[in-house]
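Novice: Just one file: run23.txt, with compact mmCIF, C-alpha atoms.
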# COMPACT_ATOMS: atom_id res chain seq x y z
CA MET R 1 -54.77 125.40 91.36
CA HIS R 2 -52.90 124.11 88.38
CA ILE R 3 -52.43 126.17 85.21
CA VAL R 4 -51.56 124.18 82.10
CA LEU R 5 -50.22 125.88 78.98
CA ILE R 6 -50.43 123.51 76.03
CA GLU R 7 -47.69 124.31 73.51
CA PRO R 8 -47.16 127.98 74.45
CA GLU R 9 -45.37 129.95 71.76
CA ILE R 10 -44.53 133.39 73.13
CA PRO R 11 -41.95 133.58 75.93
CA GLY R 12 -43.24 136.91 77.27
CA ASN R 13 -46.73 135.49 77.75
CA THR R 14 -45.40 132.44 79.56
CA GLY R 15 -43.17 134.63 81.74
CA ASN R 16 -46.13 136.82 82.70
CA ILE R 17 -48.21 133.74 83.49
CA ALA R 18 -45.35 132.36 85.61
CA ARG R 19 -45.36 135.61 87.57
CA LEU R 20 -49.15 135.33 87.98
CA CYS R 21 -48.75 131.76 89.25
CA ALA R 22 -46.03 132.86 91.66
CA ALA R 23 -48.28 135.60 93.06
CA THR R 24 -51.26 133.27 93.48
CA GLY R 25 -49.58 130.02 94.47
CA ALA R 26 -50.83 128.21 91.36
CA GLU R 27 -48.62 125.51 89.88
CA LEU R 28 -47.60 126.01 86.25
CA HIS R 29 -47.42 123.13 83.78
CA LEU R 30 -45.90 123.65 80.33
CA VAL R 31 -46.65 121.09 77.61
CA LYS R 32 -44.15 120.63 74.78
CA PRO R 33 -43.40 121.61 72.16
CA LEU R 34 -42.59 125.05 73.52
CA GLY R 35 -42.05 127.98 71.18
CA PHE R 36 -38.97 129.03 73.17
CA ILE R 37 -36.30 127.63 75.42
CA ILE R 38 -36.90 127.79 79.16
CA ASP R 39 -33.87 129.97 79.79
CA ASP R 40 -34.97 132.42 77.08
CA LYS R 41 -34.08 135.93 78.28
CA HIS R 42 -37.58 137.24 77.46
CA LEU R 43 -39.20 134.48 79.51
CA LYS R 44 -36.94 135.20 82.49
CA ARG R 45 -37.37 138.97 82.17
CA ALA R 46 -41.17 138.70 82.09
CA GLY R 47 -41.13 136.63 85.27
CA LEU R 48 -38.64 139.04 86.85
CA ASP R 49 -37.54 137.90 90.27
CA TYR R 50 -40.55 135.65 90.87
CA TRP R 51 -39.12 132.40 89.49
CA HIS R 52 -38.20 131.06 92.93
CA LEU R 53 -41.87 131.41 93.99
CA VAL R 54 -43.43 129.32 91.24
CA LYS R 55 -43.47 125.57 90.78
CA VAL R 56 -42.99 124.90 87.05
CA SER R 57 -43.18 121.47 85.45
CA VAL R 58 -42.46 120.72 81.81
CA HIS R 59 -44.27 117.79 80.17
CA GLU R 60 -43.60 115.96 76.92
CA ASN R 61 -47.29 115.88 75.97
CA PHE R 62 -50.77 116.52 77.32
CA ALA R 63 -51.35 112.83 78.09
CA GLU R 64 -48.53 113.10 80.64
CA VAL R 65 -50.39 115.94 82.39
CA GLU R 66 -53.65 113.96 82.38
CA THR R 67 -51.89 111.01 84.00
CA LEU R 68 -50.05 113.11 86.58
CA LEU R 69 -53.17 115.05 87.60
CA SER R 70 -55.76 112.29 87.15
CA GLY R 71 -58.65 112.51 89.56
CA LYS R 72 -58.62 116.31 89.51
CA GLN R 73 -61.22 118.47 87.75
CA PHE R 74 -59.94 119.73 84.41
CA TRP R 75 -61.25 122.87 82.66
CA PHE R 76 -60.38 123.83 79.09
CA SER R 77 -60.46 127.47 78.06
CA SER R 78 -61.66 127.95 74.48
CA THR R 79 -63.40 130.66 72.50
CA LYS R 80 -65.56 127.83 71.09
CA ALA R 81 -66.99 126.76 74.48
CA ALA R 82 -70.67 127.19 75.31
CA LYS R 83 -70.25 127.93 79.05
CA PHE R 84 -68.79 131.09 80.52
CA HIS R 85 -65.88 130.63 82.91
CA THR R 86 -68.11 132.04 85.66
CA GLU R 87 -70.79 129.36 85.20
CA VAL R 88 -68.76 126.49 86.64
CA ARG R 89 -67.79 125.73 90.23
CA TYR R 90 -64.06 125.55 90.88
CA THR R 91 -62.23 123.80 93.69
CA ALA R 92 -58.81 124.66 95.08
CA ASP R 93 -57.09 121.81 93.23
CA ASP R 94 -58.61 122.25 89.76
CA VAL R 95 -56.60 122.12 86.56
CA ILE R 96 -57.23 124.97 84.10
CA CYS R 97 -55.85 124.43 80.59
CA PHE R 98 -55.05 126.98 77.89
CA GLY R 99 -53.86 126.46 74.34
CA LYS R 100 -51.16 128.04 72.24
CA GLU R 101 -51.52 131.65 71.21
CA THR R 102 -52.07 131.05 67.48
CA ALA R 103 -54.52 128.14 67.57
CA GLY R 104 -55.82 127.48 71.08
CA ILE R 105 -56.31 123.96 72.41
CA ASP R 106 -56.26 121.15 69.87
CA GLU R 107 -59.76 120.24 68.62
CA LYS R 108 -59.25 116.58 69.56
CA ILE R 109 -58.74 117.53 73.21
CA LEU R 110 -61.72 119.91 73.18
CA ARG R 111 -64.03 117.26 71.65
CA ALA R 112 -62.98 114.77 74.34
CA HIS R 113 -63.87 117.28 77.09
CA VAL R 114 -66.87 119.22 75.79
CA ASP R 115 -68.55 119.46 79.21
CA GLU R 116 -65.39 120.90 80.76
CA CYS R 117 -64.87 123.65 78.18
CA ILE R 118 -65.24 127.25 79.33
CA ARG R 119 -64.92 130.65 77.69
CA ILE R 120 -64.48 134.26 78.64
CA PRO R 121 -67.30 136.46 77.33
CA MET R 122 -66.36 139.11 74.78
CA VAL R 123 -67.88 140.97 71.85
CA LYS R 124 -68.85 138.90 68.82
CA ASP R 125 -66.11 140.13 66.46
CA ALA R 126 -63.24 139.74 68.94
CA ARG R 127 -61.15 136.68 68.10
CA SER R 128 -59.55 136.19 71.52
CA LEU R 129 -57.76 137.82 74.45
CA ASN R 130 -54.03 137.74 75.10
CA LEU R 131 -53.07 134.42 76.72
CA GLY R 132 -51.75 136.08 79.87
CA ASN R 133 -54.94 138.10 80.27
CA SER R 134 -57.07 134.99 79.75
CA VAL R 135 -55.21 133.04 82.41
CA ALA R 136 -55.52 135.95 84.85
CA VAL R 137 -59.27 136.34 84.27
CA VAL R 138 -60.06 132.65 84.74
CA LEU R 139 -57.58 132.01 87.56
CA TYR R 140 -58.83 134.92 89.64
CA GLU R 141 -62.45 133.83 89.18
CA ALA R 142 -61.48 130.35 90.37
CA LEU R 143 -59.60 131.83 93.33
CA ARG R 144 -62.54 134.13 94.16
CA GLN R 145 -64.88 131.16 94.23
CA THR R 146 -62.58 129.23 96.54
CA GLY R 147 -62.04 132.08 99.01
CA PHE R 148 -58.62 133.07 97.66
CA GLY R 149 -56.97 130.13 99.46
CA GLY R 150 -54.84 132.00 101.97
CA LEU R 151 -53.85 134.90 99.72
CA CYS R 152 -53.58 138.20 101.55
Any chance you could give the structure as structure tokens?
Specialist:
Amino acid sequence: MHIVLIEPEIPGNTGNIARLCAATGAELHLVKPLGFIIDDKHLKRAGLDYWHLVKVSVHENFAEVETLLSGKQFWFSSTKAAKFHTEVRYTADDVICFGKETAGIDEKILRAHVDECIRIPMVKDARSLNLGNSVAVVLYEALRQTGFGGLC
């Protein structure tokens, strides 16, 4: 699995997601601009001693990610999506994308991938979940569907 964070802003969220990726074997892709520097103490602290277990790539823009991972199934998490994250079928090499904490994924990207947009169900008046929680919910559903890929 590949987790893509498009323009993440909060170092603690990204650190927690890095730790999640380390624990699950998912690769983490960060798309610039980042709201922090990679060696930010909060980012490192949130990931604790898991950094050596996670493969992290930093990309200049989302087009770079699309080129690098072309041929793979992309999913785009958005509160605006029609389909629940549980209504799609994941494979072990899928790419799951999440947007920045304050605005989500850019509308241009979402419009270009309407059929690949997914959302986590929640009550009507809730704006969104924390980014780290969202990644965990979707990633573990994808892993569940694919038999947890060797996790013990």
Novice: To one decimal place in Å, what is the distance between atom CA of R:Ala22 and atom CA of R:Asn133?
Specialist: 15.4 Å
Novice: Hey, what's within 10 Å of R:Glu7 if we count only C-alpha atoms and toss same-chain stuff fewer than 4 positions away? As an mmCIF file with C-alpha atoms, in the coordinates of the input, please?
Specialist:
data_model
loop_
_atom_site.group_PDB
_atom_site.id
_atom_site.type_symbol
_atom_site.label_atom_id
_atom_site.label_comp_id
_atom_site.auth_asym_id
_atom_site.auth_seq_id
_atom_site.Cartn_x
_atom_site.Cartn_y
_atom_site.Cartn_z
ATOM 1 C CA LEU R 30 -45.900 123.650 80.330
ATOM 2 C CA VAL R 31 -46.650 121.090 77.610
ATOM 3 C CA LYS R 32 -44.150 120.630 74.780
ATOM 4 C CA PRO R 33 -43.400 121.610 72.160
ATOM 5 C CA LEU R 34 -42.590 125.050 73.520
ATOM 6 C CA GLY R 35 -42.050 127.980 71.180
ATOM 7 C CA PHE R 36 -38.970 129.030 73.170
ATOM 8 C CA HIS R 59 -44.270 117.790 80.170
ATOM 9 C CA GLU R 60 -43.600 115.960 76.920
ATOM 10 C CA ASN R 61 -47.290 115.880 75.970
ATOM 11 C CA PHE R 62 -50.770 116.520 77.320
ATOM 12 C CA PHE R 98 -55.050 126.980 77.890
ATOM 13 C CA GLY R 99 -53.860 126.460 74.340
ATOM 14 C CA LYS R 100 -51.160 128.040 72.240
ATOM 15 C CA GLU R 101 -51.520 131.650 71.210
ATOM 16 C CA ALA R 103 -54.520 128.140 67.570
ATOM 17 C CA GLY R 104 -55.820 127.480 71.080
ATOM 18 C CA ILE R 105 -56.310 123.960 72.410
ATOM 19 C CA ASP R 106 -56.260 121.150 69.870
#
Novice: Separation of atom CA of R:Arg144 and atom CA of R:Ser70, in Å?
Specialist: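 Distance between the two atoms: 23.9 Å.
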Novice: When distances are computed from all atoms listed in the file, which of R:Ser57, R:Asn13, R:Ser134, R:Gln145 shows the smallest separation from R:Ser78?
Specialist: R:Ser134
Novice: In Å, with one decimal, what is the gap from atom CA of R:Cys117 to atom CA of R:Gly150?
Specialist: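 That distance, rounded to one decimal, is 27.1 Å.
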Novice: Got a sec to check which residues sit within 8 Å of (-58.9, 126.9, 90.6), counting only C-alpha atoms, and write them as a ChimeraX atom specification?
Specialist: /R:1-2,90-96,139,141-143,146
Novice: With only C-alpha atoms as the atoms that count, which of R:Glu107, R:Glu27, R:Glu87, R:Asp115 lies nearest to R:Val58?
Specialist: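 Looking at the shortest contact to R:Val58, the residue is R:Glu27.
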Novice: Measuring atom to atom with only C-alpha atoms, identify which of R:Leu129, R:Leu69, R:Leu110, R:Val56 is nearest to R:Ala81.
Specialist: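 Ranking R:Leu129, R:Leu69, R:Leu110, R:Val56 by distance to R:Ala81, first place goes to R:Leu110.
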Novice: Please enclose the listed atoms of stretch 5-16 of chain R in an axis-aligned box, pad each side by 4 Å, and write out the centre and the three edge lengths in Å, rounded to one decimal, as lines of an AutoDock Vina configuration file.
Specialist:
center_x = -46.2
center_y = 130.2
center_z = 77.2
size_x = 16.5
size_y = 21.4
size_z = 18.9
Novice: Which residue is closest to R:Ile118? Choose from R:Ser77, R:Leu5, R:Leu151, R:Lys72 and count all atoms listed in the file.
Specialist: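 Residue with the minimum atom-to-atom distance to R:Ile118: R:Ser77.
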Novice: When you count all atoms listed in the file, which of these residues is closest to R:Tyr140: R:Gln73, R:Thr14, R:Thr86, R:Thr102?
Specialist: R:Thr86
Novice: Name the closest residue to R:Ala82 among the candidates R:Ala136, R:Gly147, R:Leu68, R:Arg119; distances are taken between atoms, counting only C-alpha atoms.
Specialist: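 Closest to R:Ala82 of all the choices is R:Arg119.
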